[in-house]
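Listing of entry.cif, mmCIF, C-alpha atoms
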```cif
data_structure
loop_
_atom_site.group_PDB
_atom_site.id
_atom_site.type_symbol
_atom_site.label_atom_id
_atom_site.label_comp_id
_atom_site.auth_asym_id
_atom_site.auth_seq_id
_atom_site.Cartn_x
_atom_site.Cartn_y
_atom_site.Cartn_z
ATOM 1 C CA MET A 270 -31.609 84.287 67.304
ATOM 2 C CA ILE A 271 -31.431 80.497 67.050
ATOM 3 C CA SER A 272 -31.553 78.603 70.313
ATOM 4 C CA PHE A 273 -29.083 75.905 71.273
ATOM 5 C CA SER A 274 -31.620 73.103 70.687
ATOM 6 C CA GLU A 275 -32.440 74.427 67.186
ATOM 7 C CA ARG A 276 -28.734 74.521 66.299
ATOM 8 C CA THR A 277 -28.130 70.975 67.498
ATOM 9 C CA GLY A 278 -31.233 69.827 65.626
ATOM 10 C CA CYS A 279 -29.886 71.365 62.392
ATOM 11 C CA ARG A 280 -26.492 69.824 63.025
ATOM 12 C CA SER A 281 -28.098 66.423 63.541
ATOM 13 C CA ILE A 282 -29.964 66.690 60.236
ATOM 14 C CA VAL A 283 -26.816 67.790 58.406
ATOM 15 C CA LEU A 284 -24.759 64.990 59.986
ATOM 16 C CA LEU A 285 -27.444 62.458 59.105
ATOM 17 C CA PHE A 286 -27.483 63.692 55.508
ATOM 18 C CA PHE A 287 -23.689 63.385 55.213
ATOM 19 C CA ALA A 288 -23.734 59.935 56.813
ATOM 20 C CA VAL A 289 -26.302 58.699 54.293
ATOM 21 C CA ALA A 290 -24.395 60.306 51.397
ATOM 22 C CA ALA A 291 -21.108 58.784 52.553
ATOM 23 C CA THR A 292 -22.731 55.358 52.855
ATOM 24 C CA CYS A 293 -24.048 55.602 49.306
ATOM 25 C CA VAL A 294 -20.639 56.607 47.970
ATOM 26 C CA LEU A 295 -18.790 53.892 49.864
ATOM 27 C CA LYS A 296 -21.237 51.184 48.809
ATOM 28 C CA GLY A 297 -21.342 52.348 45.205
ATOM 29 C CA CYS A 298 -24.873 53.665 45.305
ATOM 30 C CA SER A 299 -25.351 55.148 41.864
ATOM 31 C CA GLY A 300 -29.114 55.533 42.040
ATOM 32 C CA GLU A 301 -29.465 53.609 38.776
ATOM 33 C CA ASN A 302 -31.420 50.461 38.259
ATOM 34 C CA GLU A 303 -30.224 47.431 36.323
ATOM 35 C CA GLU A 304 -32.198 48.382 33.218
ATOM 36 C CA MET A 305 -30.468 51.784 32.959
ATOM 37 C CA ILE A 306 -27.042 50.221 33.444
ATOM 38 C CA ARG A 307 -27.745 47.686 30.670
ATOM 39 C CA LYS A 308 -28.962 50.486 28.391
ATOM 40 C CA LYS A 309 -25.669 52.316 28.946
ATOM 41 C CA LEU A 310 -23.810 49.173 27.899
ATOM 42 C CA ASP A 311 -25.954 48.889 24.764
ATOM 43 C CA VAL A 312 -25.222 52.512 23.862
ATOM 44 C CA ILE A 313 -21.474 51.975 24.203
ATOM 45 C CA CYS A 314 -21.589 48.712 22.232
ATOM 46 C CA THR A 315 -23.604 50.360 19.442
ATOM 47 C CA ASP A 316 -21.082 53.213 19.292
ATOM 48 C CA ASP A 317 -18.167 50.768 19.317
ATOM 49 C CA LEU A 318 -19.691 48.744 16.478
ATOM 50 C CA ALA A 319 -20.147 51.927 14.438
ATOM 51 C CA ALA A 320 -16.511 52.880 15.092
ATOM 52 C CA ILE A 321 -15.305 49.400 14.124
ATOM 53 C CA ILE A 322 -17.113 49.340 10.781
ATOM 54 C CA ASP A 323 -16.566 53.015 9.971
ATOM 55 C CA SER A 324 -13.223 52.500 8.238
ATOM 56 C CA ILE A 325 -14.114 49.234 6.465
ATOM 57 C CA ALA A 326 -15.376 49.183 2.885
ATOM 58 C CA VAL A 327 -19.055 48.242 2.637
ATOM 59 C CA GLU A 328 -18.348 45.311 0.301
ATOM 60 C CA ASN A 329 -16.224 43.694 3.043
ATOM 61 C CA LEU A 330 -18.963 43.862 5.682
ATOM 62 C CA ILE A 331 -21.594 41.240 6.404
ATOM 63 C CA GLU A 332 -25.121 42.339 5.575
ATOM 64 C CA ARG A 333 -25.935 43.317 9.153
ATOM 65 C CA PRO A 334 -22.929 43.797 11.448
ATOM 66 C CA TYR A 335 -23.880 43.070 15.037
ATOM 67 C CA TYR A 336 -22.634 42.482 18.554
ATOM 68 C CA LYS A 337 -23.544 39.890 21.142
ATOM 69 C CA ILE A 338 -23.114 40.140 24.918
ATOM 70 C CA VAL A 339 -21.650 36.749 25.801
ATOM 71 C CA PHE A 340 -20.838 37.355 29.461
ATOM 72 C CA TYR A 341 -22.443 39.640 32.053
ATOM 73 C CA LYS A 342 -21.894 39.464 35.782
ATOM 74 C CA GLN A 343 -22.809 41.641 38.724
ATOM 75 C CA TYR A 344 -20.539 41.988 41.770
ATOM 76 C CA SER A 345 -21.588 43.087 45.236
ATOM 77 C CA GLU A 346 -18.203 44.446 46.302
ATOM 78 C CA GLY A 347 -15.338 46.331 44.780
ATOM 79 C CA LYS A 348 -14.713 49.330 42.583
ATOM 80 C CA TYR A 349 -16.497 47.785 39.594
ATOM 81 C CA SER A 350 -20.012 46.435 40.136
ATOM 82 C CA ARG A 351 -20.449 44.722 36.751
ATOM 83 C CA LYS A 352 -18.377 43.169 33.988
ATOM 84 C CA ALA A 353 -19.350 42.249 30.456
ATOM 85 C CA THR A 354 -17.723 40.583 27.470
ATOM 86 C CA VAL A 355 -19.044 41.521 24.034
ATOM 87 C CA GLU A 356 -18.299 39.966 20.648
ATOM 88 C CA PHE A 357 -18.543 42.065 17.476
ATOM 89 C CA PHE A 358 -19.181 40.394 14.102
ATOM 90 C CA PHE A 359 -18.743 42.455 10.963
ATOM 91 C CA LEU A 360 -16.386 41.016 8.306
ATOM 92 C CA LYS A 361 -17.683 39.003 5.363
ATOM 93 C CA LYS A 362 -14.713 37.011 4.074
ATOM 94 C CA VAL A 363 -12.360 37.014 7.032
ATOM 95 C CA GLY A 364 -13.235 34.777 9.975
ATOM 96 C CA VAL A 365 -12.462 37.198 12.749
ATOM 97 C CA LYS A 366 -14.400 38.912 15.512
ATOM 98 C CA VAL A 367 -13.550 41.654 17.958
ATOM 99 C CA VAL A 368 -13.899 40.753 21.624
ATOM 100 C CA ARG A 369 -14.164 43.659 24.017
ATOM 101 C CA LYS A 370 -14.433 43.574 27.782
ATOM 102 C CA TYR A 371 -16.182 46.253 29.791
ATOM 103 C CA ARG A 372 -16.548 47.022 33.483
ATOM 104 C CA TYR A 373 -19.036 49.318 35.194
ATOM 105 C CA HIS A 374 -17.515 51.849 37.561
ATOM 106 C CA ALA A 375 -20.156 52.171 40.278
ATOM 107 C CA LEU A 376 -18.980 55.489 41.767
ATOM 108 C CA ILE A 377 -19.088 57.431 38.511
ATOM 109 C CA GLY A 378 -21.842 55.402 36.835
ATOM 110 C CA MET A 379 -19.954 54.660 33.609
ATOM 111 C CA TRP A 380 -18.843 51.657 31.596
ATOM 112 C CA ASP A 381 -15.113 51.407 30.944
ATOM 113 C CA ARG A 382 -13.595 49.327 28.123
ATOM 114 C CA TYR A 383 -10.474 47.593 29.424
ATOM 115 C CA SER A 384 -9.740 44.962 26.778
ATOM 116 C CA ASN A 385 -9.918 44.857 22.974
ATOM 117 C CA GLU A 386 -8.702 41.929 20.891
ATOM 118 C CA TYR A 387 -9.229 40.277 17.522
ATOM 119 C CA VAL A 388 -10.056 36.565 17.662
ATOM 120 C CA PHE A 389 -10.210 34.173 14.723
ATOM 121 C CA LEU A 390 -13.464 32.261 14.284
ATOM 122 C CA HIS A 391 -13.375 28.476 14.141
ATOM 123 C CA ASP A 392 -15.669 28.152 11.115
ATOM 124 C CA THR A 393 -14.712 30.478 8.267
ATOM 125 C CA THR A 394 -16.327 28.545 5.398
ATOM 126 C CA THR A 395 -19.547 30.569 5.237
ATOM 127 C CA GLY A 396 -18.132 33.987 6.022
ATOM 128 C CA VAL A 397 -20.874 34.459 8.612
ATOM 129 C CA PRO A 398 -20.198 33.460 12.223
ATOM 130 C CA LYS A 399 -22.215 30.641 13.729
ATOM 131 C CA LYS A 400 -24.713 31.725 16.350
#
```

Written form, structure tokens:
Amino acid sequence: MISFSERTGCRSIVLLFFAVAATCVLKGCSGENEEMIRKKLDVICTDDLAAIIDSIAVENLIERPYYKIVFYKQYSEGKYSRKATVEFFFLKKVGVKVVRKYRYHALIGMWDRYSNEYVFLHDTTTGVPKK
């Protein structure tokens, strides 16, 4: 039989565990470091680039389609802890790029794409975007 002091000790440990877990959830504690979060963004961007160029004829693509992260910011409060803007370059003769915006949902540990638009490049004479 468990004594009263043993039961209250177990309750205290359980309550402490739930308090720590609740704090992590409320503060967006995902247990991931910055490097892992950036790697997740790179994986999504690589997949998005593959999806973008998948339906385009090879002769219309630049030699090496690529993406560039042009904006990345970390936030200390809110539902989303990070935001990123990524530009995708892939077309040879048309001066256009795809600009996608992503946000990192801290509670579920995933990047979410929330904007996708085509933007004309300023210099279309070479067919390759300026870096």

**Request:** Decode the PyMOL selection byres ((chain A and resi 383) around 12) for the given file into explicit residues and return them as a PyMOL selection string.
**Result:** chain A and resi 349+352-355+368-374+380-382+384-386

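If you apply the PyMOL selection byres ((chain A and resi 317) around 12) to this structure, you end up with A:Leu310, A:Asp311, A:Val312, A:Ile313, A:Cys314, A:Thr315, A:Asp316, A:Leu318, A:Ala319, A:Ala320, A:Ile321, A:Ile322, A:Asp323, A:Pro334, A:Tyr335, A:Tyr336, A:Val355, A:Glu356, A:Phe357, A:Phe358, A:Phe359, A:Val367, A:Val368, A:Arg369, A:Lys370, A:Tyr371, A:Arg382, A:Asn385.
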
**Request:** Find the distance between atom CA of A:Tyr387 and atom CA of A:Lys366 and write it in Å to one decimal.
**Result:**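 Here the two named atoms are 5.7 Å from each other.
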
**Request:** Go through A:Lys348, A:Lys342, A:Lys308, A:Arg333 and flag the residue nearest A:Lys361, using all atoms listed in the file for the distances.
**Result:** A:Arg333

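Note that the spacing between atom CA of A:Leu390 and atom CA of A:Gly364 amounts to 5.0 Å.
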
**Message:** Between atom CA of A:Val363 and atom CA of A:Phe389, what distance in Å does the model show, to one decimal?
**Reply:**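 Straight-line distance from atom CA of A:Val363 to atom CA of A:Phe389 works out to 8.5 Å.
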
**Item:** Which residue of A:Ser350, A:Val339, A:His391, A:Lys362 approaches A:Glu301 most closely, using all atoms listed in the file
**Value:** A:Ser350

Quick one: 3 Å padding each side, axis-aligned, all listed atoms of stretch 349-356 of chain A - centre and edge lengths in Å to one decimal, as AutoDock Vina command-line options?
```
--center_x -18.5 --center_y 43.9 --center_z 30.4 --size_x 10.0 --size_y 13.8 --size_z 25.5
```

**Closest of A:Leu360, A:Phe340, A:Gly347, A:Asn302 to A:Glu328 - atom-to-atom distances counting all atoms listed in the file** = A:Leu360
